[in-house]
Amino acid sequence: MPAGIGQTWPVSEHGHQTTAERARLADSPDLAAPWRRWGPYLSGRQWGTVREDYSASGDAWASFPFEHARSRAYRWGEDGIAGICDQHGFLNLAVAMWNGADPVLKERLFGLTNAEGNHGEDVKEYWWVLDGTPTHSWMRVLYRYPQAEFPFAELRAAAAAATRDDPEPELADTGVLAEDRFFDVVVSYAKAGPDDICVEITATNHGPEPAPLHLLPQLWFRNTWSWGRDPRRPALIASTVDGWCRFAAEHNTLGRYTLHAEGTPTLLVTDNETNEVELHGAADNPTRYTKDGIDAMVVRGATDTCQAVAAGAASLPGTKGAAWYAFHGVPPGESVTVRLRLVAGDGHPDAFGPSFAETMAARAREADEFYADLGAHLDQERRTVLRRALAGLLWTKQHYRFRIREWLAGDPAQPAAPEVRCAPDARNTRWRHLDVADVISMPDEWEYPWFAAWDLAFHTVPLALVDPVFAKGQLTLLCREWLMHPNGQLPAYEWDFGDVNPPVHAWAALRVHQAEVAAGGEPDRAFLAQVFHKLLLNFSWWVNRNDADGDNLFQGGFLGMDNVGPVDRSAPLPGDWRLEQADATAWMAAYCLHLLRIALELARHERAYEDVASKFVEHFLDIAEAATRPGPAGQGIWDDTDGFCYDLVSRPLPDGTVESQPVRVRSMVGLIPLLAQAVLEPWVCAELPGFAQRLDHLLARRPELARFVTWQRLDGGARRAWLSLLDEPKLRRVLTRMLDEAEFLSPHGIRSLSAAHRDGVEIEVAGETHRMGYEPRESRTSLFGGNSNWRGPVWFPVNALLVEALRTLEGWQAGEFQVELPTGSGQRVSAGEAADELSRRLVSLFLVGADGRRPADGKRIEASDSPLWRANITFSEYFDGDTGEGLGATHQTGWTAWVACLLSRAWPEDGIRGTGR
């Protein structure tokens, strides 16, 4: 588990064992390495994204709906079920299915748009990532496919009829899966080499009767030729010559690849081109065959919509192909299997000979070996949780391509873009420099198939457990000139790159650096320096943009916590009122400490960084002084009456003073100040005397700052220090509320809003009265789309940071800092024991409890008595503040994968020792 601010990761007693997968990682020291060329980089959803929205309204969901996806070529990416692609997203391989009843091929996951769902967008499918390794040498995904017609209309109608007080209607609620009438389709990928991928698709009929199933693994090129910018066209040719069923795929950048299909499937070839006749009523199409040509032949029996290759023949060139396997009656309990092999060049001489099965078995065994020592100290159940969480996180790596200048201007071969798209206040017009085409860790492959700045930072820490190179690459990527704004802002997310996420990038860089060292790697100070230099620009942007009055109290907007307040924190207040945020101020104090820690680490080897370290310690102290500044109107975020931190609404008065009022809602914003603390171990003063002298001088010159620095003298004259935004008495008062089960402490973590507000609370903000209350489940408001709720549920990322804060306290006082847990129980524990208990509660979400069920499964079908459902674990976006049921994006393994960090390593309890060698 990563340490608190300034702490190091422990090295396991025996270190990592050398395994085949670790050898592959060693052979892949950069992100362009051959073993990384192919992976699960194909998106789970491309329709309904901002990238594909060329409308004047900016309604991405409506401008490219699900119904268009089968017939309309995408501009920037592709999507599919259980699919893979190359790093550039040129060539894609995924599984399509048909049960003989659906009106369309099952080529992509279905879900409701933001306007259709009663709690915002929501995928209506079941699938689980079963396993995976960081080089993607081994991956397994399970997709659950109904045998009856998929209830598209029924799901839409159910959500439209439901209120915001109702749970989200799910696929199982329609009855379509009753009596286990579904196929479990397991897709396994095993690399025999970087460009030699064995694919096995096994479908099992769990229903009580024989059922038909058509499996159509599809290979296709992303359409790069229809936009008037690059006319070069790749070629896909199907052939059944010499007893082989195969596709030859030729691309000007990738070169040639061959996909072998075992047996005698019918090979179909079409073009990845829009069906203008079907979608827009055009007189004809620019090409004979279109994207939905295979769908038309299989589902509707059309005979002229694609090429069907006869035995001993070859097709004309196309850009999309499928190998059509038809199983007309799979017996109950029986399975059917399809095998494929994708190989660079002209193919494999013995594609399905002994090497295929040997590769599959070897990669599965090597995955076991790779994860063995990571969870060696755990029981089997916890090892499974750890491994599934990491596999899901690895699966959400997707190719992300978006060139804002071209998107705003429109493409030469397409209709002109509406002028409103380029208006000064239009979406992302300030981000014309953004030009990205990289593999990026996404929050979720369907509901959030685009990166988000603070999500990505949280992802990198569990990623560092298995692949520090990729984790570091993600952090540096967001700081590169083609993503970071010239003014220093990091892009938030594609719906509004200019929005503001919490500044956790420096924290993540520290944790990833420590993880790599703890795993036996050499300290990568070049990485630290690279990130540090760019974050200096970002820090300056924060100060200039979000501290408008220069008073060290910060604004920032929603800061990732969406509807946590009674008003939209991204919108201006009436009149001349302004909102000064407790969380923004605390995030900035913590940001100072993170940059301080990096500067101190770098200064051990380059003394020029000592001056920068001094800058950040002084800036931290200035923020701490402002945040806790006493005054008749409570000008700081600290409220001494309640012993808690609140947002402030302030306005200037004619006499030059400022009127301030706290927004008295006890929420997560008031717990963020706990994160702003760090321990400076003796090496800091011993090795960096210039920094120590300047800090001493500052505290002597400004004694009012001394209350934020606590010194401890050790034998021999050495000294260590604890820096904290909240001094010990204030910190204890906040912890008393945080650890109170009637307030923040739930059975499964820390709630985002105090349960003391169950009956609601009325708050006056800038002269207007607002009402809000504790909502442990989905949001009852439409604020920020309504699919994200910070008014009560448990969220993994901030909980992980609160565990870390308790560990930092333990590292400082080594058991002497005692808290009552739970508040009012009379039971006192150390800060480290409190961290252990909070960690235990978080992990328990995914463990089978005394009632035989996982709390995260709630009352959904996943909690049924059927082992087919109970065997699989979902890592949801957030969790019910009372019951722990998973909510939001049900497959968001992104930051919920932090459970792997909680499980994989013990916390050290000795503060910063440094990571220098």
# chains A, B, ... in the order shown; residues from 1 in each chain; ligands from 1
call {"tool": "residues_around", "arguments": {"residues": "Arg421 in chain A", "least_positions_apart": "5", "cutoff": "9 Å", "atoms": "only C-alpha atoms", "output": "count of residues only"}}
result
10
call {"tool": "closest_atom_pairs", "arguments": {"of": "range 844-911 of chain A", "to": "range 782-801 of chain A", "cutoff": "12 Å", "atoms": "only C-alpha atoms", "output": "Markdown table"}}
result
| residue | atom | partner | partner_atom | distance |
| --- | --- | --- | --- | --- |
| A:Leu845 | CA | A:Val794 | CA | 10.5 |
| A:Ala856 | CA | A:Val794 | CA | 11.1 |
| A:Phe875 | CA | A:Phe796 | CA | 10.2 |
| A:Ser876 | CA | A:Trp795 | CA | 9.6 |
| A:Glu877 | CA | A:Trp795 | CA | 7.4 |
| A:Tyr878 | CA | A:Trp795 | CA | 4.9 |
| A:Phe879 | CA | A:Val794 | CA | 5.0 |
| A:Asp880 | CA | A:Pro793 | CA | 4.8 |
| A:Gly881 | CA | A:Pro793 | CA | 4.1 |
| A:Asp882 | CA | A:Pro793 | CA | 7.9 |
| A:Thr883 | CA | A:Pro793 | CA | 9.5 |
| A:Gly884 | CA | A:Val794 | CA | 7.7 |
| A:Glu885 | CA | A:Pro793 | CA | 9.4 |
| A:Gly886 | CA | A:Val794 | CA | 9.4 |
| A:Leu887 | CA | A:Pro793 | CA | 8.7 |
| A:Gly888 | CA | A:Asn787 | CA | 6.2 |
| A:Ala889 | CA | A:Asn787 | CA | 8.3 |
| A:Thr890 | CA | A:Asn787 | CA | 11.5 |
| A:Gln892 | CA | A:Phe796 | CA | 11.0 |
| A:Thr893 | CA | A:Phe796 | CA | 10.5 |
| A:Gly894 | CA | A:Pro797 | CA | 9.8 |
| A:Trp895 | CA | A:Pro797 | CA | 6.1 |
| A:Thr896 | CA | A:Phe796 | CA | 5.6 |
| A:Ala897 | CA | A:Phe796 | CA | 8.6 |
| A:Trp898 | CA | A:Phe796 | CA | 7.1 |
| A:Val899 | CA | A:Phe796 | CA | 8.1 |
| A:Ala900 | CA | A:Ala800 | CA | 11.1 |
| A:Cys901 | CA | A:Ala800 | CA | 9.0 |
| A:Leu902 | CA | A:Ala800 | CA | 8.1 |
| A:Leu903 | CA | A:Ala800 | CA | 11.8 |
call {"tool": "write_last_selection", "arguments": {"atoms": "N, CA and C atoms", "output": "PDB file, in the first residue's frame"}}
result
ATOM      1  N   LEU A 845     -16.296  -4.362   0.983  1.00  0.00           N
ATOM      2  CA  LEU A 845     -17.289  -4.191  -0.077  1.00  0.00           C
ATOM      3  C   LEU A 845     -17.287  -5.357  -1.046  1.00  0.00           C
ATOM      4  N   ALA A 856     -21.171  -4.981  -2.087  1.00  0.00           N
ATOM      5  CA  ALA A 856     -21.201  -4.211  -3.330  1.00  0.00           C
ATOM      6  C   ALA A 856     -22.248  -4.730  -4.307  1.00  0.00           C
ATOM      7  N   PHE A 875     -16.672  -3.696  -9.902  1.00  0.00           N
ATOM      8  CA  PHE A 875     -15.975  -2.621  -9.189  1.00  0.00           C
ATOM      9  C   PHE A 875     -16.623  -1.299  -9.594  1.00  0.00           C
ATOM     10  N   SER A 876     -17.645  -0.923  -8.861  1.00  0.00           N
ATOM     11  CA  SER A 876     -18.498   0.187  -9.267  1.00  0.00           C
ATOM     12  C   SER A 876     -17.822   1.538  -9.064  1.00  0.00           C
ATOM     13  N   GLU A 877     -18.497   2.564  -9.572  1.00  0.00           N
ATOM     14  CA  GLU A 877     -17.977   3.926  -9.485  1.00  0.00           C
ATOM     15  C   GLU A 877     -17.993   4.431  -8.046  1.00  0.00           C
ATOM     16  N   TYR A 878     -19.110   4.182  -7.335  1.00  0.00           N
ATOM     17  CA  TYR A 878     -19.220   4.574  -5.926  1.00  0.00           C
ATOM     18  C   TYR A 878     -20.203   3.637  -5.245  1.00  0.00           C
ATOM     19  N   PHE A 879     -20.438   3.819  -3.933  1.00  0.00           N
ATOM     20  CA  PHE A 879     -21.133   2.796  -3.156  1.00  0.00           C
ATOM     21  C   PHE A 879     -22.113   3.437  -2.174  1.00  0.00           C
ATOM     22  N   ASP A 880     -23.251   2.781  -2.008  1.00  0.00           N
ATOM     23  CA  ASP A 880     -24.301   3.255  -1.103  1.00  0.00           C
ATOM     24  C   ASP A 880     -23.717   3.532   0.286  1.00  0.00           C
ATOM     25  N   GLY A 881     -23.977   4.736   0.796  1.00  0.00           N
ATOM     26  CA  GLY A 881     -23.407   5.136   2.073  1.00  0.00           C
ATOM     27  C   GLY A 881     -23.923   4.356   3.264  1.00  0.00           C
ATOM     28  N   ASP A 882     -25.008   3.611   3.106  1.00  0.00           N
ATOM     29  CA  ASP A 882     -25.546   2.800   4.202  1.00  0.00           C
ATOM     30  C   ASP A 882     -25.304   1.311   3.989  1.00  0.00           C
ATOM     31  N   THR A 883     -25.545   0.826   2.776  1.00  0.00           N
ATOM     32  CA  THR A 883     -25.473  -0.620   2.531  1.00  0.00           C
ATOM     33  C   THR A 883     -24.207  -1.069   1.816  1.00  0.00           C
ATOM     34  N   GLY A 884     -23.529  -0.143   1.117  1.00  0.00           N
ATOM     35  CA  GLY A 884     -22.342  -0.504   0.347  1.00  0.00           C
ATOM     36  C   GLY A 884     -22.632  -0.979  -1.058  1.00  0.00           C
ATOM     37  N   GLU A 885     -23.898  -0.988  -1.484  1.00  0.00           N
ATOM     38  CA  GLU A 885     -24.215  -1.445  -2.840  1.00  0.00           C
ATOM     39  C   GLU A 885     -23.514  -0.581  -3.882  1.00  0.00           C
ATOM     40  N   GLY A 886     -22.951  -1.223  -4.906  1.00  0.00           N
ATOM     41  CA  GLY A 886     -22.272  -0.505  -5.968  1.00  0.00           C
ATOM     42  C   GLY A 886     -23.240   0.294  -6.824  1.00  0.00           C
ATOM     43  N   LEU A 887     -22.847   1.530  -7.147  1.00  0.00           N
ATOM     44  CA  LEU A 887     -23.706   2.449  -7.891  1.00  0.00           C
ATOM     45  C   LEU A 887     -22.905   3.128  -8.993  1.00  0.00           C
ATOM     46  N   GLY A 888     -23.622   3.929  -9.794  1.00  0.00           N
ATOM     47  CA  GLY A 888     -22.943   4.658 -10.868  1.00  0.00           C
ATOM     48  C   GLY A 888     -22.503   3.706 -11.960  1.00  0.00           C
ATOM     49  N   ALA A 889     -21.359   3.978 -12.530  1.00  0.00           N
ATOM     50  CA  ALA A 889     -20.814   3.109 -13.568  1.00  0.00           C
ATOM     51  C   ALA A 889     -20.417   1.780 -12.936  1.00  0.00           C
ATOM     52  N   THR A 890     -21.110   0.726 -13.295  1.00  0.00           N
ATOM     53  CA  THR A 890     -20.928  -0.551 -12.605  1.00  0.00           C
ATOM     54  C   THR A 890     -19.629  -1.248 -12.945  1.00  0.00           C
ATOM     55  N   GLN A 892     -16.660   0.571 -13.405  1.00  0.00           N
ATOM     56  CA  GLN A 892     -15.590   1.562 -13.278  1.00  0.00           C
ATOM     57  C   GLN A 892     -14.479   0.999 -12.395  1.00  0.00           C
ATOM     58  N   THR A 893     -13.652   0.175 -12.983  1.00  0.00           N
ATOM     59  CA  THR A 893     -12.524  -0.353 -12.223  1.00  0.00           C
ATOM     60  C   THR A 893     -11.425   0.680 -12.056  1.00  0.00           C
ATOM     61  N   GLY A 894     -11.542   1.837 -12.721  1.00  0.00           N
ATOM     62  CA  GLY A 894     -10.502   2.860 -12.671  1.00  0.00           C
ATOM     63  C   GLY A 894     -10.011   3.153 -11.278  1.00  0.00           C
ATOM     64  N   TRP A 895     -10.667   4.088 -10.600  1.00  0.00           N
ATOM     65  CA  TRP A 895     -10.141   4.420  -9.272  1.00  0.00           C
ATOM     66  C   TRP A 895     -10.589   3.422  -8.204  1.00  0.00           C
ATOM     67  N   THR A 896     -11.634   2.644  -8.468  1.00  0.00           N
ATOM     68  CA  THR A 896     -12.013   1.609  -7.503  1.00  0.00           C
ATOM     69  C   THR A 896     -10.966   0.503  -7.462  1.00  0.00           C
ATOM     70  N   ALA A 897     -10.105   0.424  -8.484  1.00  0.00           N
ATOM     71  CA  ALA A 897      -8.992  -0.530  -8.454  1.00  0.00           C
ATOM     72  C   ALA A 897      -8.011  -0.226  -7.331  1.00  0.00           C
ATOM     73  N   TRP A 898      -8.206   0.883  -6.646  1.00  0.00           N
ATOM     74  CA  TRP A 898      -7.397   1.168  -5.451  1.00  0.00           C
ATOM     75  C   TRP A 898      -7.533   0.077  -4.395  1.00  0.00           C
ATOM     76  N   VAL A 899      -8.587  -0.736  -4.487  1.00  0.00           N
ATOM     77  CA  VAL A 899      -8.692  -1.847  -3.539  1.00  0.00           C
ATOM     78  C   VAL A 899      -7.469  -2.749  -3.655  1.00  0.00           C
ATOM     79  N   ALA A 900      -6.854  -2.813  -4.833  1.00  0.00           N
ATOM     80  CA  ALA A 900      -5.631  -3.610  -4.992  1.00  0.00           C
ATOM     81  C   ALA A 900      -4.500  -3.031  -4.161  1.00  0.00           C
ATOM     82  N   CYS A 901      -4.429  -1.704  -4.070  1.00  0.00           N
ATOM     83  CA  CYS A 901      -3.404  -1.082  -3.223  1.00  0.00           C
ATOM     84  C   CYS A 901      -3.664  -1.387  -1.758  1.00  0.00           C
ATOM     85  N   LEU A 902      -4.928  -1.321  -1.359  1.00  0.00           N
ATOM     86  CA  LEU A 902      -5.260  -1.613   0.037  1.00  0.00           C
ATOM     87  C   LEU A 902      -4.914  -3.046   0.399  1.00  0.00           C
ATOM     88  N   LEU A 903      -5.034  -3.948  -0.552  1.00  0.00           N
ATOM     89  CA  LEU A 903      -4.793  -5.360  -0.286  1.00  0.00           C
ATOM     90  C   LEU A 903      -3.329  -5.769  -0.432  1.00  0.00           C
TER      91      LEU A 903
END
call {"tool": "closest_residue", "arguments": {"among": "A:Val669, A:Ala326, A:Cys685, A:Val848", "to": "Val298 in chain A", "atoms": "only C-alpha atoms"}}
result
A:Ala326
call {"tool": "closest_residue", "arguments": {"among": "A:Phe458, A:Tyr126, A:Phe744, A:Phe846", "to": "Thr823 in chain A", "atoms": "only C-alpha atoms"}}
result
A:Phe744
call {"tool": "closest_residue", "arguments": {"among": "A:His214, A:Arg246, A:Arg24, A:Arg341", "to": "Gly312 in chain A", "atoms": "only C-alpha atoms"}}
result
A:Arg246
call {"tool": "residues_around", "arguments": {"residues": "Asn552 in chain A", "least_positions_apart": "3", "cutoff": "8 Å", "atoms": "only C-alpha atoms", "output": "PyMOL selection string"}}
result
chain A and resi 547+549+585+622-623+626-627
call {"tool": "residues_around", "arguments": {"residues": "Ala603 in chain A", "least_positions_apart": "2", "cutoff": "12 Å", "atoms": "only C-alpha atoms", "output": "CSV table (one decimal) with C-alpha atoms, in the first residue's frame"}}
result
chain,number,residue,atom,x,y,z
A,525,ARG,CA,14.6,11.1,-10.9
A,528,LEU,CA,10.2,13.1,-11.2
A,529,ALA,CA,12.0,16.1,-12.6
A,595,LEU,CA,5.7,19.6,-4.8
A,596,LEU,CA,7.8,20.2,-1.7
A,597,ARG,CA,8.4,16.5,-1.3
A,598,ILE,CA,9.4,16.1,-4.9
A,599,ALA,CA,11.7,19.2,-4.7
A,600,LEU,CA,13.4,17.8,-1.6
A,601,GLU,CA,14.0,14.4,-3.2
A,605,HIS,CA,21.2,15.1,-6.0
A,606,GLU,CA,20.8,18.7,-7.4
A,607,ARG,CA,21.0,21.5,-4.9
A,608,ALA,CA,19.2,24.0,-7.2
A,609,TYR,CA,15.9,22.4,-6.1
A,610,GLU,CA,16.5,23.5,-2.5
A,611,ASP,CA,15.3,27.0,-3.3
A,612,VAL,CA,12.1,25.7,-4.9
A,613,ALA,CA,11.5,23.5,-1.9
A,614,SER,CA,11.7,26.6,0.3
A,683,TRP,CA,17.6,13.5,6.5
A,684,VAL,CA,15.9,16.6,5.3
A,685,CYS,CA,17.7,18.9,7.8
A,687,GLU,CA,21.3,16.7,3.9
A,688,LEU,CA,19.7,20.0,3.0
A,689,PRO,CA,20.9,22.5,5.5
A,690,GLY,CA,20.1,25.4,3.3
A,691,PHE,CA,16.4,24.5,3.2
A,914,GLY,CA,13.4,9.2,1.5
A,916,GLY,CA,17.5,8.2,-2.5
call {"tool": "closest_residue", "arguments": {"among": "A:Asp496, A:Cys592, A:Asp647, A:Gly80", "to": "Phe532 in chain A", "atoms": "only C-alpha atoms"}}
result
A:Cys592
call {"tool": "closest_residue", "arguments": {"among": "A:Ser839, A:Gln661, A:Ser137, A:Gln514", "to": "Pro747 in chain A", "atoms": "only C-alpha atoms"}}
result
A:Ser839
call {"tool": "closest_residue", "arguments": {"among": "A:Ala302, A:Met668, A:Leu490, A:Ala153", "to": "Ala755 in chain A", "atoms": "only C-alpha atoms"}}
result
A:Met668
call {"tool": "select_by_dssp", "arguments": {"residues": "range 470-709 of chain A", "states": "helix (DSSP H, G or I)", "output": "PyMOL selection string"}}
result
chain A and resi 470-478+505-518+525-546+582-603+609-627+668-670+672-675+682-687+689-701+703-708
call {"tool": "write_last_selection", "arguments": {"atoms": "C-alpha atoms", "output": "compact mmCIF listing (two decimals), in the first residue's frame"}}
result
# COMPACT_ATOMS: atom_id res chain seq x y z
CA PHE A 470 2.99 2.68 -18.13
CA ALA A 471 2.00 4.49 -14.92
CA LYS A 472 4.81 7.02 -15.35
CA GLY A 473 3.97 7.41 -19.02
CA GLN A 474 0.38 8.33 -18.17
CA LEU A 475 1.45 11.04 -15.73
CA THR A 476 3.94 12.58 -18.12
CA LEU A 477 1.46 12.35 -21.00
CA LEU A 478 -1.02 14.75 -19.42
CA HIS A 505 -0.93 14.89 -10.21
CA ALA A 506 2.10 15.58 -8.02
CA TRP A 507 0.80 13.23 -5.34
CA ALA A 508 0.40 10.46 -7.91
CA ALA A 509 3.90 11.06 -9.29
CA LEU A 510 5.32 10.63 -5.79
CA ARG A 511 3.41 7.43 -5.21
CA VAL A 512 4.38 5.92 -8.55
CA HIS A 513 8.03 6.83 -7.95
CA GLN A 514 7.92 5.19 -4.52
CA ALA A 515 6.17 2.12 -5.88
CA GLU A 516 8.86 1.54 -8.46
CA VAL A 517 11.66 1.89 -5.90
CA ALA A 518 9.85 -0.40 -3.47
CA ARG A 525 14.63 11.05 -10.88
CA ALA A 526 14.41 12.05 -14.53
CA PHE A 527 10.71 11.15 -14.38
CA LEU A 528 10.23 13.14 -11.18
CA ALA A 529 12.03 16.14 -12.64
CA GLN A 530 10.07 15.95 -15.90
CA VAL A 531 6.72 15.96 -14.10
CA PHE A 532 7.90 18.54 -11.55
CA HIS A 533 8.91 21.12 -14.15
CA LYS A 534 5.55 20.89 -15.90
CA LEU A 535 3.64 21.00 -12.63
CA LEU A 536 5.34 24.26 -11.77
CA LEU A 537 3.36 25.69 -14.70
CA ASN A 538 0.19 24.01 -13.48
CA PHE A 539 0.69 25.31 -9.94
CA SER A 540 1.08 28.84 -11.26
CA TRP A 541 -2.11 28.41 -13.30
CA TRP A 542 -3.96 27.36 -10.15
CA VAL A 543 -2.71 30.35 -8.19
CA ASN A 544 -3.48 32.83 -10.97
CA ARG A 545 -6.80 31.34 -11.99
CA ASN A 546 -8.30 30.12 -8.71
CA ALA A 582 -12.59 24.48 1.67
CA ASP A 583 -11.59 21.63 -0.62
CA ALA A 584 -9.88 23.83 -3.22
CA THR A 585 -7.90 25.55 -0.48
CA ALA A 586 -6.94 22.24 1.13
CA TRP A 587 -6.07 20.65 -2.23
CA MET A 588 -3.70 23.56 -2.88
CA ALA A 589 -2.11 23.21 0.56
CA ALA A 590 -1.59 19.51 -0.16
CA TYR A 591 -0.30 20.36 -3.65
CA CYS A 592 2.37 22.56 -2.03
CA LEU A 593 3.44 19.66 0.16
CA HIS A 594 3.57 17.22 -2.74
CA LEU A 595 5.73 19.58 -4.78
CA LEU A 596 7.81 20.23 -1.67
CA ARG A 597 8.42 16.50 -1.31
CA ILE A 598 9.45 16.13 -4.94
CA ALA A 599 11.73 19.15 -4.70
CA LEU A 600 13.40 17.77 -1.57
CA GLU A 601 13.95 14.41 -3.24
CA LEU A 602 15.48 16.06 -6.31
CA ALA A 603 17.55 18.43 -4.15
CA TYR A 609 15.95 22.41 -6.12
CA GLU A 610 16.50 23.53 -2.50
CA ASP A 611 15.29 27.02 -3.33
CA VAL A 612 12.13 25.66 -4.92
CA ALA A 613 11.48 23.51 -1.87
CA SER A 614 11.68 26.64 0.27
CA LYS A 615 9.16 28.34 -2.00
CA PHE A 616 6.61 25.57 -1.53
CA VAL A 617 6.99 25.27 2.22
CA GLU A 618 6.39 29.02 2.55
CA HIS A 619 3.41 28.90 0.21
CA PHE A 620 1.96 26.02 2.21
CA LEU A 621 2.30 27.96 5.44
CA ASP A 622 0.63 31.00 3.89
CA ILE A 623 -2.34 28.88 2.78
CA ALA A 624 -2.56 27.21 6.20
CA GLU A 625 -2.56 30.60 7.94
CA ALA A 626 -5.31 31.93 5.64
CA ALA A 627 -7.41 28.78 5.94
CA MET A 668 -16.32 15.71 2.07
CA VAL A 669 -15.07 19.23 1.32
CA GLY A 670 -14.49 19.65 5.05
CA ILE A 672 -10.03 17.28 2.47
CA PRO A 673 -7.99 19.53 4.84
CA LEU A 674 -6.93 16.32 6.64
CA LEU A 675 -4.90 15.43 3.56
CA PRO A 682 15.93 13.88 9.86
CA TRP A 683 17.63 13.48 6.48
CA VAL A 684 15.92 16.65 5.25
CA CYS A 685 17.67 18.92 7.77
CA ALA A 686 20.88 16.87 7.70
CA GLU A 687 21.32 16.66 3.93
CA PRO A 689 20.95 22.52 5.53
CA GLY A 690 20.10 25.45 3.27
CA PHE A 691 16.44 24.47 3.23
CA ALA A 692 16.45 23.93 7.02
CA GLN A 693 18.04 27.32 7.64
CA ARG A 694 15.54 29.13 5.46
CA LEU A 695 12.63 27.38 7.18
CA ASP A 696 14.02 28.33 10.61
CA HIS A 697 14.46 31.91 9.47
CA LEU A 698 10.91 32.07 8.10
CA LEU A 699 9.39 30.78 11.34
CA ALA A 700 11.48 33.19 13.41
CA ARG A 701 10.45 36.12 11.23
CA PRO A 703 6.02 33.32 14.39
CA GLU A 704 2.31 33.13 13.55
CA LEU A 705 3.20 30.33 11.12
CA ALA A 706 4.92 28.19 13.75
CA ARG A 707 1.65 26.51 14.77
CA PHE A 708 1.65 24.61 11.45
call {"tool": "residues_around", "arguments": {"residues": "Ala32 in chain A", "least_positions_apart": "6", "cutoff": "12 Å", "atoms": "only C-alpha atoms", "output": "PyMOL selection string"}}
result
chain A and resi 38+86-88+135+194+438-439+469-470+473
call {"tool": "atom_distance", "arguments": {"atom1": "CA of Ala766 in chain A", "atom2": "CA of Thr781 in chain A"}}
result
20.7 Å
call {"tool": "residues_around", "arguments": {"residues": "Trp482 in chain A", "least_positions_apart": "6", "cutoff": "7 Å", "atoms": "only C-alpha atoms", "output": "ChimeraX atom specification"}}
result
/A:433-436
call {"tool": "decode", "arguments": {"residues": "range 252-263 of chain A", "atoms": "N, CA and C atoms", "output": "PDB file, in the first residue's frame"}}
result
ATOM      1  N   ASN A 252      -0.947   0.951 -44.706  1.00  0.00           N
ATOM      2  CA  ASN A 252       0.272   1.676 -45.060  1.00  0.00           C
ATOM      3  C   ASN A 252       1.180   1.924 -43.869  1.00  0.00           C
ATOM      4  N   THR A 253       0.642   1.964 -42.654  1.00  0.00           N
ATOM      5  CA  THR A 253       1.457   2.173 -41.455  1.00  0.00           C
ATOM      6  C   THR A 253       1.770   0.864 -40.748  1.00  0.00           C
ATOM      7  N   LEU A 254       0.762   0.025 -40.568  1.00  0.00           N
ATOM      8  CA  LEU A 254       0.957  -1.232 -39.834  1.00  0.00           C
ATOM      9  C   LEU A 254       1.670  -2.287 -40.658  1.00  0.00           C
ATOM     10  N   GLY A 255       1.536  -2.230 -41.965  1.00  0.00           N
ATOM     11  CA  GLY A 255       2.026  -3.310 -42.804  1.00  0.00           C
ATOM     12  C   GLY A 255       0.955  -4.369 -42.960  1.00  0.00           C
ATOM     13  N   ARG A 256       1.381  -5.629 -43.140  1.00  0.00           N
ATOM     14  CA  ARG A 256       0.432  -6.710 -43.385  1.00  0.00           C
ATOM     15  C   ARG A 256       0.213  -7.553 -42.133  1.00  0.00           C
ATOM     16  N   TYR A 257      -1.056  -7.885 -41.873  1.00  0.00           N
ATOM     17  CA  TYR A 257      -1.426  -8.839 -40.846  1.00  0.00           C
ATOM     18  C   TYR A 257      -2.363  -9.868 -41.458  1.00  0.00           C
ATOM     19  N   THR A 258      -2.319 -11.084 -40.924  1.00  0.00           N
ATOM     20  CA  THR A 258      -3.201 -12.146 -41.379  1.00  0.00           C
ATOM     21  C   THR A 258      -3.990 -12.676 -40.190  1.00  0.00           C
ATOM     22  N   LEU A 259      -5.307 -12.756 -40.352  1.00  0.00           N
ATOM     23  CA  LEU A 259      -6.165 -13.362 -39.336  1.00  0.00           C
ATOM     24  C   LEU A 259      -6.621 -14.719 -39.831  1.00  0.00           C
ATOM     25  N   HIS A 260      -6.188 -15.770 -39.143  1.00  0.00           N
ATOM     26  CA  HIS A 260      -6.629 -17.126 -39.451  1.00  0.00           C
ATOM     27  C   HIS A 260      -7.904 -17.423 -38.657  1.00  0.00           C
ATOM     28  N   ALA A 261      -8.868 -18.101 -39.295  1.00  0.00           N
ATOM     29  CA  ALA A 261     -10.093 -18.549 -38.651  1.00  0.00           C
ATOM     30  C   ALA A 261     -10.183 -20.059 -38.789  1.00  0.00           C
ATOM     31  N   GLU A 262     -10.272 -20.748 -37.672  1.00  0.00           N
ATOM     32  CA  GLU A 262     -10.279 -22.215 -37.689  1.00  0.00           C
ATOM     33  C   GLU A 262     -11.584 -22.745 -38.284  1.00  0.00           C
ATOM     34  N   GLY A 263     -11.503 -23.884 -38.933  1.00  0.00           N
ATOM     35  CA  GLY A 263     -12.688 -24.517 -39.471  1.00  0.00           C
ATOM     36  C   GLY A 263     -13.099 -23.932 -40.803  1.00  0.00           C
TER      37      GLY A 263
END
